[in-house]
>>> print(open('protein-v7.pdb').read())   # PDB, C-alpha atoms (C1' of nucleotides)
ATOM      1  CA  MET U 701    -100.515 -51.857-102.869
ATOM      2  CA  THR U 702    -103.756 -49.985-103.247
ATOM      3  CA  LEU U 703    -104.391 -46.328-103.839
ATOM      4  CA  SER U 704    -107.731 -44.545-103.842
ATOM      5  CA  ILE U 705    -108.488 -41.255-105.541
ATOM      6  CA  ALA U 706    -111.673 -39.225-105.131
ATOM      7  CA  THR U 707    -113.100 -36.297-107.073
ATOM      8  CA  TRP U 708    -115.894 -33.978-105.912
ATOM      9  CA  ASN U 709    -117.313 -30.682-107.077
ATOM     10  CA  ILE U 710    -117.957 -29.219-103.638
ATOM     11  CA  ASN U 711    -119.600 -25.894-104.646
ATOM     12  CA  SER U 712    -117.776 -23.850-101.982
ATOM     13  CA  VAL U 713    -115.217 -25.627 -99.824
ATOM     14  CA  ARG U 714    -115.659 -23.157 -96.963
ATOM     15  CA  LEU U 715    -119.450 -23.485 -96.778
ATOM     16  CA  ARG U 716    -119.304 -27.290 -96.961
ATOM     17  CA  ILE U 717    -116.125 -27.994 -95.001
ATOM     18  CA  ASP U 718    -118.082 -30.231 -92.573
ATOM     19  CA  LEU U 719    -119.350 -32.356 -95.462
ATOM     20  CA  VAL U 720    -115.821 -32.758 -96.817
ATOM     21  CA  THR U 721    -114.399 -33.822 -93.466
ATOM     22  CA  ARG U 722    -117.310 -36.246 -92.961
ATOM     23  CA  PHE U 723    -116.550 -37.742 -96.365
ATOM     24  CA  LEU U 724    -112.827 -38.062 -95.591
ATOM     25  CA  GLU U 725    -113.491 -39.668 -92.205
ATOM     26  CA  GLU U 726    -115.928 -42.191 -93.661
ATOM     27  CA  HIS U 727    -114.128 -43.079 -96.882
ATOM     28  CA  LYS U 728    -110.465 -42.187 -96.303
ATOM     29  CA  PRO U 729    -109.359 -41.793 -99.932
ATOM     30  CA  ASP U 730    -105.592 -41.302-100.288
ATOM     31  CA  ILE U 731    -106.147 -38.320-102.573
ATOM     32  CA  LEU U 732    -109.138 -35.976-102.866
ATOM     33  CA  CYS U 733    -109.555 -33.579-105.774
ATOM     34  CA  LEU U 734    -112.067 -30.766-105.310
ATOM     35  CA  GLN U 735    -113.585 -28.386-107.821
ATOM     36  CA  GLU U 736    -115.505 -25.144-107.334
ATOM     37  CA  THR U 737    -113.691 -24.343-104.118
ATOM     38  CA  LYS U 738    -114.788 -20.706-104.687
ATOM     39  CA  CYS U 739    -112.119 -19.030-102.595
ATOM     40  CA  MET U 740    -108.741 -17.399-102.969
ATOM     41  CA  ASN U 741    -105.696 -19.398-101.846
ATOM     42  CA  GLY U 742    -105.332 -17.274 -98.723
ATOM     43  CA  GLN U 743    -108.851 -18.263 -97.617
ATOM     44  CA  PHE U 744    -108.460 -22.005 -98.182
ATOM     45  CA  PRO U 745    -109.297 -24.072 -95.060
ATOM     46  CA  HIS U 746    -106.034 -26.034 -94.708
ATOM     47  CA  GLY U 747    -106.484 -26.809 -90.993
ATOM     48  CA  PRO U 748    -109.387 -29.295 -91.075
ATOM     49  CA  PHE U 749    -107.625 -31.338 -93.766
ATOM     50  CA  ARG U 750    -104.285 -31.467 -91.926
ATOM     51  CA  LYS U 751    -106.142 -32.588 -88.806
ATOM     52  CA  LEU U 752    -107.315 -35.666 -90.723
ATOM     53  CA  GLY U 753    -103.859 -36.491 -92.057
ATOM     54  CA  TYR U 754    -104.184 -34.795 -95.419
ATOM     55  CA  ASP U 755    -100.983 -32.825 -95.058
ATOM     56  CA  TYR U 756    -100.155 -32.170 -98.694
ATOM     57  CA  HIS U 757    -102.161 -29.596-100.624
ATOM     58  CA  ALA U 758    -101.939 -28.216-104.145
ATOM     59  CA  ILE U 759    -104.492 -25.426-104.470
ATOM     60  CA  ASN U 760    -105.418 -23.045-107.255
ATOM     61  CA  GLY U 761    -108.182 -20.629-106.308
ATOM     62  CA  GLN U 762    -109.676 -17.334-107.348
ATOM     63  CA  LYS U 763    -112.196 -14.955-105.849
ATOM     64  CA  GLY U 764    -115.794 -16.159-105.920
ATOM     65  CA  TYR U 765    -115.705 -18.559-108.854
ATOM     66  CA  HIS U 766    -114.158 -21.867-109.956
ATOM     67  CA  GLY U 767    -111.061 -23.012-108.044
ATOM     68  CA  VAL U 768    -109.537 -26.494-107.667
ATOM     69  CA  ALA U 769    -107.619 -28.319-104.946
ATOM     70  CA  ILE U 770    -105.682 -31.585-104.600
ATOM     71  CA  LEU U 771    -105.417 -32.918-101.021
ATOM     72  CA  SER U 772    -103.228 -35.912-100.277
ATOM     73  CA  ARG U 773    -102.063 -38.166 -97.457
ATOM     74  CA  LEU U 774     -99.009 -38.993 -99.573
ATOM     75  CA  PRO U 775     -96.349 -36.374-100.302
ATOM     76  CA  LEU U 776     -96.910 -34.357-103.442
ATOM     77  CA  GLN U 777     -95.136 -31.735-105.462
ATOM     78  CA  GLU U 778     -97.390 -29.095-106.924
ATOM     79  CA  GLU U 779     -97.019 -28.661-110.679
ATOM     80  CA  GLU U 780     -97.831 -25.752-112.943
ATOM     81  CA  SER U 781    -101.519 -24.963-113.470
ATOM     82  CA  LEU U 782    -102.519 -24.845-117.114
ATOM     83  CA  MET U 783    -104.263 -21.919-118.734
ATOM     84  CA  PHE U 784    -107.013 -22.509-121.281
ATOM     85  CA  CYS U 785    -108.568 -20.088-123.779
ATOM     86  CA  GLU U 786    -106.132 -17.398-122.599
ATOM     87  CA  LYS U 787    -108.258 -16.818-119.507
ATOM     88  CA  PRO U 788    -106.752 -16.642-116.018
ATOM     89  CA  ASP U 789    -109.591 -18.799-114.569
ATOM     90  CA  ALA U 790    -108.591 -21.322-111.889
ATOM     91  CA  ARG U 791    -109.874 -24.353-113.759
ATOM     92  CA  HIS U 792    -106.882 -26.708-113.552
ATOM     93  CA  GLY U 793    -104.413 -27.941-110.990
ATOM     94  CA  ALA U 794    -101.741 -30.621-111.141
ATOM     95  CA  ALA U 795     -99.441 -32.497-108.788
ATOM     96  CA  LEU U 796     -96.918 -35.284-108.759
ATOM     97  CA  VAL U 797     -97.735 -37.677-105.907
ATOM     98  CA  THR U 798     -95.068 -39.910-104.388
ATOM     99  CA  THR U 799     -96.553 -43.396-104.002
ATOM    100  CA  PRO U 800     -94.835 -46.613-102.869
ATOM    101  CA  ASP U 801     -94.949 -47.659-106.528
ATOM    102  CA  GLY U 802     -93.338 -44.452-107.772
ATOM    103  CA  PRO U 803     -94.595 -41.113-109.017
ATOM    104  CA  LEU U 804     -98.218 -40.618-110.058
ATOM    105  CA  ARG U 805     -99.359 -37.475-111.828
ATOM    106  CA  ILE U 806    -102.774 -35.977-111.060
ATOM    107  CA  HIS U 807    -104.618 -33.479-113.229
ATOM    108  CA  ASN U 808    -107.706 -31.845-111.717
ATOM    109  CA  PHE U 809    -110.074 -30.019-114.091
ATOM    110  CA  TYR U 810    -113.127 -27.822-113.877
ATOM    111  CA  VAL U 811    -114.468 -27.419-117.413
ATOM    112  CA  PRO U 812    -116.756 -24.406-118.098
ATOM    113  CA  ALA U 813    -120.459 -25.232-117.745
ATOM    114  CA  GLY U 814    -121.269 -23.374-120.940
ATOM    115  CA  GLY U 815    -124.496 -21.512-120.143
ATOM    116  CA  ASP U 816    -127.974 -22.542-121.257
ATOM    117  CA  ILE U 817    -128.081 -21.986-125.040
ATOM    118  CA  PRO U 818    -126.126 -24.507-127.154
ATOM    119  CA  ASP U 819    -125.182 -22.003-129.843
ATOM    120  CA  VAL U 820    -121.720 -20.441-130.199
ATOM    121  CA  GLU U 821    -123.129 -17.303-131.886
ATOM    122  CA  ALA U 822    -125.834 -16.605-129.318
ATOM    123  CA  ASN U 823    -123.876 -17.703-126.242
ATOM    124  CA  GLU U 824    -120.235 -16.891-125.680
ATOM    125  CA  LYS U 825    -120.090 -19.176-122.642
ATOM    126  CA  PHE U 826    -120.887 -22.112-124.914
ATOM    127  CA  ALA U 827    -118.187 -20.986-127.362
ATOM    128  CA  HIS U 828    -115.765 -20.840-124.417
ATOM    129  CA  LYS U 829    -116.702 -24.376-123.378
ATOM    130  CA  LEU U 830    -116.127 -25.787-126.869
ATOM    131  CA  GLY U 831    -112.829 -23.897-127.114
ATOM    132  CA  PHE U 832    -111.771 -25.309-123.748
ATOM    133  CA  LEU U 833    -112.605 -28.873-124.839
ATOM    134  CA  ASP U 834    -110.638 -28.371-128.084
ATOM    135  CA  GLU U 835    -107.587 -27.150-126.184
ATOM    136  CA  MET U 836    -107.921 -30.001-123.697
ATOM    137  CA  ARG U 837    -107.916 -32.473-126.564
ATOM    138  CA  LEU U 838    -104.760 -30.954-128.127
ATOM    139  CA  TRP U 839    -103.045 -30.832-124.723
ATOM    140  CA  GLY U 840    -103.918 -34.513-124.117
ATOM    141  CA  GLN U 841    -102.231 -35.579-127.343
ATOM    142  CA  LYS U 842     -98.925 -34.289-125.943
ATOM    143  CA  GLU U 843     -99.560 -35.350-122.345
ATOM    144  CA  LYS U 844     -99.805 -39.019-123.350
ATOM    145  CA  GLN U 845     -96.118 -38.976-124.247
ATOM    146  CA  THR U 846     -94.950 -38.188-120.702
ATOM    147  CA  LYS U 847     -94.714 -41.876-119.687
ATOM    148  CA  ILE U 848     -95.621 -41.111-116.079
ATOM    149  CA  PRO U 849     -98.744 -42.931-114.804
ATOM    150  CA  THR U 850    -101.443 -40.281-114.872
ATOM    151  CA  VAL U 851    -104.945 -39.787-113.516
ATOM    152  CA  LEU U 852    -107.148 -36.984-114.838
ATOM    153  CA  VAL U 853    -110.222 -36.155-112.780
ATOM    154  CA  GLY U 854    -112.765 -33.452-112.439
ATOM    155  CA  ASP U 855    -116.070 -31.864-113.199
ATOM    156  CA  LEU U 856    -115.862 -31.958-116.987
ATOM    157  CA  ASN U 857    -119.448 -30.704-117.388
ATOM    158  CA  VAL U 858    -120.156 -33.102-120.270
ATOM    159  CA  ALA U 859    -122.115 -36.368-120.131
ATOM    160  CA  PRO U 860    -120.614 -38.050-123.194
ATOM    161  CA  LEU U 861    -122.493 -41.362-123.495
ATOM    162  CA  GLU U 862    -126.173 -42.170-123.979
ATOM    163  CA  ASN U 863    -126.540 -43.653-120.512
ATOM    164  CA  ASP U 864    -124.716 -40.782-118.844
ATOM    165  CA  VAL U 865    -128.051 -38.922-118.848
ATOM    166  CA  TRP U 866    -131.580 -39.831-117.811
ATOM    167  CA  SER U 867    -132.888 -39.417-121.378
ATOM    168  CA  HIS U 868    -130.501 -39.323-124.325
ATOM    169  CA  LYS U 869    -133.225 -38.196-126.713
ATOM    170  CA  GLN U 870    -134.543 -35.405-124.513
ATOM    171  CA  MET U 871    -131.052 -34.168-123.686
ATOM    172  CA  LEU U 872    -129.608 -33.838-127.201
ATOM    173  CA  LYS U 873    -130.196 -30.087-127.302
ATOM    174  CA  ILE U 874    -129.379 -29.503-123.640
ATOM    175  CA  VAL U 875    -125.943 -28.122-122.808
ATOM    176  CA  SER U 876    -123.744 -30.959-121.415
ATOM    177  CA  HIS U 877    -125.117 -33.589-123.828
ATOM    178  CA  THR U 878    -125.148 -31.923-127.273
ATOM    179  CA  PRO U 879    -123.236 -33.719-130.047
ATOM    180  CA  MET U 880    -120.892 -30.686-130.234
ATOM    181  CA  GLU U 881    -119.773 -31.418-126.671
ATOM    182  CA  THR U 882    -119.964 -35.210-126.581
ATOM    183  CA  GLU U 883    -118.026 -35.597-129.854
ATOM    184  CA  ARG U 884    -115.271 -33.324-128.562
ATOM    185  CA  MET U 885    -115.027 -35.211-125.298
ATOM    186  CA  LEU U 886    -114.943 -38.635-126.939
ATOM    187  CA  ALA U 887    -112.250 -37.363-129.340
ATOM    188  CA  ALA U 888    -110.233 -36.063-126.369
ATOM    189  CA  ILE U 889    -110.443 -39.470-124.681
ATOM    190  CA  GLN U 890    -109.486 -41.309-127.862
ATOM    191  CA  GLU U 891    -106.673 -39.029-129.017
ATOM    192  CA  GLY U 892    -105.233 -38.683-125.523
ATOM    193  CA  GLU U 893    -105.369 -42.481-125.178
ATOM    194  CA  TRP U 894    -107.220 -42.088-121.903
ATOM    195  CA  VAL U 895    -109.197 -44.893-120.310
ATOM    196  CA  ASP U 896    -112.577 -43.750-118.964
ATOM    197  CA  ALA U 897    -112.219 -45.451-115.566
ATOM    198  CA  MET U 898    -115.890 -45.151-114.604
ATOM    199  CA  ARG U 899    -117.088 -46.820-117.797
ATOM    200  CA  HIS U 900    -114.259 -49.370-117.619
ATOM    201  CA  LEU U 901    -115.745 -50.540-114.317
ATOM    202  CA  ILE U 902    -119.438 -49.833-115.045
ATOM    203  CA  PRO U 903    -119.916 -50.285-118.803
ATOM    204  CA  GLU U 904    -122.872 -49.034-120.809
ATOM    205  CA  PRO U 905    -125.826 -49.470-120.865
ATOM    206  CA  GLU U 906    -125.978 -49.065-117.084
ATOM    207  CA  LYS U 907    -127.075 -45.561-116.121
ATOM    208  CA  VAL U 908    -124.403 -43.658-114.202
ATOM    209  CA  TYR U 909    -124.966 -40.206-112.689
ATOM    210  CA  THR U 910    -122.825 -37.973-110.482
ATOM    211  CA  TRP U 911    -124.932 -34.785-110.520
ATOM    212  CA  TRP U 912    -128.565 -33.930-109.845
ATOM    213  CA  SER U 913    -129.917 -30.398-110.323
ATOM    214  CA  TYR U 914    -130.788 -28.197-107.365
ATOM    215  CA  ARG U 915    -133.867 -27.133-109.324
ATOM    216  CA  ALA U 916    -135.809 -30.373-109.003
ATOM    217  CA  ALA U 917    -138.614 -30.506-106.446
ATOM    218  CA  ASP U 918    -137.427 -33.997-105.448
ATOM    219  CA  TRP U 919    -134.054 -34.890-106.992
ATOM    220  CA  ALA U 920    -134.156 -38.536-105.848
ATOM    221  CA  LEU U 921    -137.691 -39.181-107.069
ATOM    222  CA  ALA U 922    -137.203 -37.521-110.465
ATOM    223  CA  ASN U 923    -133.673 -39.003-110.709
ATOM    224  CA  ARG U 924    -132.861 -36.865-113.749
ATOM    225  CA  GLY U 925    -129.120 -37.115-113.213
ATOM    226  CA  ARG U 926    -126.110 -36.679-115.428
ATOM    227  CA  ARG U 927    -122.540 -38.090-115.363
ATOM    228  CA  LEU U 928    -120.621 -34.827-115.382
ATOM    229  CA  ASP U 929    -117.723 -35.914-113.153
ATOM    230  CA  HIS U 930    -115.023 -38.102-114.607
ATOM    231  CA  ILE U 931    -111.907 -40.128-113.874
ATOM    232  CA  TRP U 932    -109.602 -40.892-116.789
ATOM    233  CA  VAL U 933    -106.377 -42.866-116.460
ATOM    234  CA  SER U 934    -103.365 -43.494-118.662
ATOM    235  CA  PRO U 935    -103.411 -46.981-120.297
ATOM    236  CA  ASP U 936    -100.714 -48.362-117.947
ATOM    237  CA  LEU U 937    -103.112 -47.878-115.015
ATOM    238  CA  ALA U 938    -106.134 -49.532-116.645
ATOM    239  CA  PRO U 939    -105.278 -53.072-115.413
ATOM    240  CA  LYS U 940    -105.135 -51.702-111.858
ATOM    241  CA  LEU U 941    -108.667 -50.287-111.845
ATOM    242  CA  SER U 942    -110.422 -52.361-109.221
ATOM    243  CA  ASP U 943    -113.341 -50.532-107.653
ATOM    244  CA  LEU U 944    -115.580 -47.532-108.180
ATOM    245  CA  THR U 945    -117.808 -45.818-105.632
ATOM    246  CA  ILE U 946    -120.300 -43.126-106.560
ATOM    247  CA  LEU U 947    -121.502 -41.732-103.260
ATOM    248  CA  ARG U 948    -125.112 -41.009-104.281
ATOM    249  CA  GLU U 949    -126.161 -40.675-100.637
ATOM    250  CA  ALA U 950    -124.068 -37.480-100.347
ATOM    251  CA  ARG U 951    -126.637 -35.721-102.549
ATOM    252  CA  GLY U 952    -129.069 -36.212 -99.653
ATOM    253  CA  TRP U 953    -126.795 -34.788 -96.940
ATOM    254  CA  GLU U 954    -127.765 -31.506 -95.319
ATOM    255  CA  ARG U 955    -127.086 -28.491 -97.580
ATOM    256  CA  PRO U 956    -125.443 -30.722-100.189
ATOM    257  CA  SER U 957    -123.413 -29.990-103.264
ATOM    258  CA  ASP U 958    -125.299 -30.808-106.469
ATOM    259  CA  HIS U 959    -122.415 -33.189-107.324
ATOM    260  CA  VAL U 960    -121.461 -36.328-105.365
ATOM    261  CA  PRO U 961    -118.002 -37.769-104.684
ATOM    262  CA  VAL U 962    -116.624 -40.421-107.026
ATOM    263  CA  ILE U 963    -113.858 -42.703-105.727
ATOM    264  CA  VAL U 964    -111.705 -45.069-107.755
ATOM    265  CA  ARG U 965    -109.326 -47.691-106.361
ATOM    266  CA  LEU U 966    -106.105 -48.722-108.074
ATOM    267  CA  GLU U 967    -104.756 -52.094-106.976
ATOM    268  CA  GLY U 968    -101.654 -54.149-107.673
TER     269      GLY U 968
ATOM    270  C1'  DA T1432    -142.405 -23.418-123.171
ATOM    271  C1'  DT T1433    -140.987 -22.237-118.683
ATOM    272  C1'  DG T1434    -139.170 -21.972-114.189
ATOM    273  C1'  DG T1435    -137.373 -24.153-110.793
ATOM    274  C1'  DT T1436    -132.371 -23.616-106.597
ATOM    275  C1'  DA T1437    -127.795 -22.443-104.929
ATOM    276  C1'  DG T1438    -123.144 -19.634-103.719
ATOM    277  C1'  DG T1439    -120.427 -15.485-103.570
ATOM    278  C1'  DA T1440    -120.429 -10.926-102.813
ATOM    279  C1'  DC T1441    -123.087  -7.007-102.372
ATOM    280  C1'  DA T1442    -125.306  -5.741-108.161
ATOM    281  C1'  DC T1443    -125.693  -9.625-110.528
ATOM    282  C1'  DC T1444    -122.743 -13.095-112.111
ATOM    283  C1'  DT T1445    -122.016 -18.229-112.398
ATOM    284  C1'  DA T1446    -123.763 -22.764-112.145
TER     285       DA T1446
END
>>> encode(input="protein-v7.pdb", output="structure tokens")
Amino acid sequence: MTLSIATWNINSVRLRIDLVTRFLEEHKPDILCLQETKCMNGQFPHGPFRKLGYDYHAINGQKGYHGVAILSRLPLQEEESLMFCEKPDARHGAALVTTPDGPLRIHNFYVPAGGDIPDVEANEKFAHKLGFLDEMRLWGQKEKQTKIPTVLVGDLNVAPLENDVWSHKQMLKIVSHTPMETERMLAAIQEGEWVDAMRHLIPEPEKVYTWWSYRAADWALANRGRRLDHIWVSPDLAPKLSDLTILREARGWERPSDHVPVIVRLEG
DNA sequence: ATGGTAGGACACCTA
């Protein structure tokens, strides 16, 4: 059997609901994980998703900021959202999906962006980001013992490898690619025994980007992208990784998100 | 070295 899972930082699910439904109609992933939904649970647009056969929703929203959602064509049970850094931010959601091959656990993350200054003294948002990554790493060490096939996705706001950015050298002091962040993320992958699905299917040194800034005059021409969105899988799923789609064209849709959807297929 | 754009909510925060 095959199962496809997509992740997309949508930067307001209500504003861009037509882009999400277009994406679902054209690509039909079994599961879609959204970040930055930017609305409270009571405001979440369930209707358009149900209309397309995505009947099962696990949502965790808050007013104005952050917010994550898991939408599925297969039945799911919502699981407890985790809290990081003792903040009530809606930055994580989880669900257990019932697949023909048995249960599959999904974790959907939205890691803090961390502000502009890569200094924990001068910038508390950066300190928060590093603290979040540390807690994520410790959590992952325990999570790997659950024995349930697991997929972790989301906007992790770190581009950990040299070819996850347009210029490694010029990005070393830019938040998202500093050694403080990349070392923490690589440690989290290693200690959690995660497989970086995107790099499993598209190894270095190929450039891979999922985000292009709104602030470029011409994002496609400059092509100064970063790989901020990730799909990690538990080792048992690694042999099933069969295809990866990064929907770059979605960055050129009308009133786009600055992130594009990433879809992975699990087969066999 | 700097400023560039976008969303939510309604003064200014977050990205």
>>> residues_near_point(input="protein-v7.pdb", point="(-123.9, -18.0, -103.3)", cutoff="10 Å", atoms="all atoms listed in the file", output="list in words")
Asn711, Ser712, Leu715, Lys738, Gly764 and Tyr765 of chain U; DA1437, DG1438, DG1439, DA1440 and DT1445 of chain T
>>> residues_near_point(input="protein-v7.pdb", point="(-109.5, -37.3, -129.3)", cutoff="12 Å", atoms="only C-alpha atoms (C1' of nucleotides)", output="list in words")
Leu833, Asp834, Glu835, Met836, Arg837, Leu838, Trp839, Gly840, Gln841, Lys842, Lys844, Thr882, Glu883, Arg884, Met885, Leu886, Ala887, Ala888, Ile889, Gln890, Glu891, Gly892, Glu893, Trp894 and Val895 of chain U
>>> closest_atom_pairs(input="protein-v7.pdb", of="chain U", to="chain T", cutoff="7 Å", atoms="all atoms listed in the file", output="JSON lines")
{"residue": "U:Gly764", "atom": "CA", "partner": "T:DG1439", "partner_atom": "C1'", "distance": 5.2}
{"residue": "U:Ala813", "atom": "CA", "partner": "T:DA1446", "partner_atom": "C1'", "distance": 7.0}
{"residue": "U:Tyr914", "atom": "CA", "partner": "T:DT1436", "partner_atom": "C1'", "distance": 4.9}
{"residue": "U:Arg915", "atom": "CA", "partner": "T:DT1436", "partner_atom": "C1'", "distance": 4.7}
{"residue": "U:Ala916", "atom": "CA", "partner": "T:DG1435", "partner_atom": "C1'", "distance": 6.7}
>>> closest_residue(input="protein-v7.pdb", among="U:Asn857, U:Glu967, U:Leu732, U:Phe809", to="Phe826 of chain U", atoms="only C-alpha atoms")
U:Asn857
>>> resolve_selection(input="protein-v7.pdb", expression="the PyMOL selection byres ((chain U and resi 942-956) around 8)", output="ChimeraX atom specification")
/U:716,719,898,901,910,912,940-941,957-967
>>> atom_distance(input="protein-v7.pdb", atom1="atom CA of Asp896 of chain U", atom2="atom CA of Met871 of chain U")
21.3 Å
>>> residues_around(input="protein-v7.pdb", residues="Ile759 of chain U", least_positions_apart="6", cutoff="12 Å", atoms="all atoms listed in the file", output="VMD selection string")
chain U and resid 713 732 to 746 766 to 772 776 to 781 790 to 795 807 to 808
>>> closest_residue(input="protein-v7.pdb", among="U:Leu703, U:Leu861, U:Leu804, U:Met880", to="Thr846 of chain U", atoms="only C-alpha atoms")
U:Leu804
>>> atom_distance(input="protein-v7.pdb", atom1="atom CA of Phe784 of chain U", atom2="atom CA of Val858 of chain U")
16.9 Å
>>> resolve_selection(input="protein-v7.pdb", expression="the PyMOL selection byres ((chain U and resi 849) around 12)", output="short mmCIF file (atom, residue, chain, number, x, y, z; two decimals) with C-alpha atoms, in the frame of the given file")
data_model
loop_
_atom_site.label_atom_id
_atom_site.label_comp_id
_atom_site.auth_asym_id
_atom_site.auth_seq_id
_atom_site.Cartn_x
_atom_site.Cartn_y
_atom_site.Cartn_z
CA LEU U 796 -96.92 -35.28 -108.76
CA VAL U 797 -97.74 -37.68 -105.91
CA THR U 798 -95.07 -39.91 -104.39
CA THR U 799 -96.55 -43.40 -104.00
CA ASP U 801 -94.95 -47.66 -106.53
CA GLY U 802 -93.34 -44.45 -107.77
CA PRO U 803 -94.60 -41.11 -109.02
CA LEU U 804 -98.22 -40.62 -110.06
CA ARG U 805 -99.36 -37.48 -111.83
CA ILE U 806 -102.77 -35.98 -111.06
CA HIS U 807 -104.62 -33.48 -113.23
CA GLU U 843 -99.56 -35.35 -122.34
CA LYS U 844 -99.80 -39.02 -123.35
CA GLN U 845 -96.12 -38.98 -124.25
CA THR U 846 -94.95 -38.19 -120.70
CA LYS U 847 -94.71 -41.88 -119.69
CA ILE U 848 -95.62 -41.11 -116.08
CA THR U 850 -101.44 -40.28 -114.87
CA VAL U 851 -104.94 -39.79 -113.52
CA LEU U 852 -107.15 -36.98 -114.84
CA TRP U 894 -107.22 -42.09 -121.90
CA VAL U 895 -109.20 -44.89 -120.31
CA TRP U 932 -109.60 -40.89 -116.79
CA VAL U 933 -106.38 -42.87 -116.46
CA SER U 934 -103.36 -43.49 -118.66
CA PRO U 935 -103.41 -46.98 -120.30
CA ASP U 936 -100.71 -48.36 -117.95
CA LEU U 937 -103.11 -47.88 -115.02
CA ALA U 938 -106.13 -49.53 -116.64
CA LYS U 940 -105.14 -51.70 -111.86
CA LEU U 966 -106.10 -48.72 -108.07
#
>>> decode(input="protein-v7.pdb", residues="segment 1433-1445 of chain T", atoms="N, CA, C and O atoms (P, O5', C5', C4', C3', O3' and C1' of nucleotides)", output="short mmCIF file (atom, residue, chain, number, x, y, z; two decimals), in the first residue's frame")
data_model
loop_
_atom_site.label_atom_id
_atom_site.label_comp_id
_atom_site.auth_asym_id
_atom_site.auth_seq_id
_atom_site.Cartn_x
_atom_site.Cartn_y
_atom_site.Cartn_z
P DT T 1433 23.16 49.62 9.76
"O5'" DT T 1433 22.05 49.53 8.65
"C5'" DT T 1433 22.06 50.48 7.58
"C4'" DT T 1433 21.01 50.11 6.55
"C3'" DT T 1433 19.64 49.75 7.13
"O3'" DT T 1433 18.71 50.68 6.62
"C1'" DT T 1433 20.30 48.20 5.45
P DG T 1434 17.28 50.80 7.25
"O5'" DG T 1434 16.38 50.39 6.00
"C5'" DG T 1434 16.85 50.64 4.67
"C4'" DG T 1434 16.08 49.74 3.71
"C3'" DG T 1434 14.61 49.55 4.07
"O3'" DG T 1434 13.88 49.46 2.86
"C1'" DG T 1434 15.70 47.46 4.10
P DG T 1435 12.34 49.81 2.88
"O5'" DG T 1435 11.70 48.62 2.06
"C5'" DG T 1435 12.19 48.30 0.76
"C4'" DG T 1435 12.22 46.80 0.56
"C3'" DG T 1435 10.94 46.08 1.00
"O3'" DG T 1435 10.01 46.05 -0.08
"C1'" DG T 1435 12.87 44.94 1.82
P DT T 1436 8.49 46.27 0.28
"O5'" DT T 1436 8.08 44.80 0.68
"C5'" DT T 1436 8.34 43.72 -0.19
"C4'" DT T 1436 7.62 42.48 0.31
"C3'" DT T 1436 6.11 42.66 0.44
"O3'" DT T 1436 5.49 41.46 0.02
"C1'" DT T 1436 7.02 42.08 2.54
P DA T 1437 3.91 41.48 -0.28
"O5'" DA T 1437 3.32 40.79 1.03
"C5'" DA T 1437 3.56 39.41 1.28
"C4'" DA T 1437 3.12 39.07 2.67
"C3'" DA T 1437 1.69 39.46 3.04
"O3'" DA T 1437 0.90 38.27 3.02
"C1'" DA T 1437 3.23 39.75 4.84
P DG T 1438 -0.69 38.42 3.27
"O5'" DG T 1438 -0.81 38.17 4.84
"C5'" DG T 1438 -0.56 36.87 5.36
"C4'" DG T 1438 -0.99 36.82 6.81
"C3'" DG T 1438 -2.39 37.39 7.07
"O3'" DG T 1438 -3.11 36.44 7.84
"C1'" DG T 1438 -0.79 38.46 8.46
P DG T 1439 -4.63 36.74 8.24
"O5'" DG T 1439 -4.46 37.28 9.73
"C5'" DG T 1439 -3.87 36.42 10.71
"C4'" DG T 1439 -3.88 37.12 12.04
"C3'" DG T 1439 -5.23 37.72 12.41
"O3'" DG T 1439 -5.50 37.42 13.78
"C1'" DG T 1439 -3.57 39.39 12.46
P DA T 1440 -6.95 37.76 14.36
"O5'" DA T 1440 -6.77 39.19 15.07
"C5'" DA T 1440 -5.81 39.33 16.10
"C4'" DA T 1440 -5.54 40.80 16.35
"C3'" DA T 1440 -6.79 41.61 16.77
"O3'" DA T 1440 -6.36 42.55 17.74
"C1'" DA T 1440 -5.81 42.61 14.91
P DC T 1441 -7.40 43.39 18.56
"O5'" DC T 1441 -7.05 44.92 18.23
"C5'" DC T 1441 -5.81 45.47 18.63
"C4'" DC T 1441 -5.46 46.64 17.75
"C3'" DC T 1441 -6.33 47.88 17.99
"O3'" DC T 1441 -5.51 49.03 18.10
"C1'" DC T 1441 -6.39 47.27 15.69
P DA T 1442 -5.68 49.98 19.29
"O5'" DA T 1442 -4.15 50.23 19.61
"C5'" DA T 1442 -3.39 50.98 20.40
"C4'" DA T 1442 -2.00 50.38 20.35
"C3'" DA T 1442 -0.97 51.29 19.67
"O3'" DA T 1442 0.25 51.17 20.39
"C1'" DA T 1442 -1.08 49.25 18.50
P DC T 1443 1.65 51.37 19.73
"O5'" DC T 1443 1.93 49.91 19.13
"C5'" DC T 1443 1.91 48.78 20.02
"C4'" DC T 1443 2.24 47.52 19.28
"C3'" DC T 1443 3.73 47.29 18.97
"O3'" DC T 1443 4.11 46.07 19.51
"C1'" DC T 1443 2.42 46.65 17.16
P DC T 1444 5.62 45.85 19.98
"O5'" DC T 1444 5.68 44.27 19.92
"C5'" DC T 1444 4.69 43.49 20.59
"C4'" DC T 1444 4.22 42.38 19.65
"C3'" DC T 1444 5.33 41.50 19.10
"O3'" DC T 1444 5.49 40.34 19.91
"C1'" DC T 1444 3.66 42.00 17.46
P DT T 1445 6.79 39.45 19.62
"O5'" DT T 1445 6.44 38.60 18.33
"C5'" DT T 1445 5.41 37.61 18.34
"C4'" DT T 1445 5.25 37.08 16.93
"C3'" DT T 1445 6.56 36.54 16.37
"O3'" DT T 1445 6.55 35.13 16.34
"C1'" DT T 1445 5.40 37.90 14.78
#
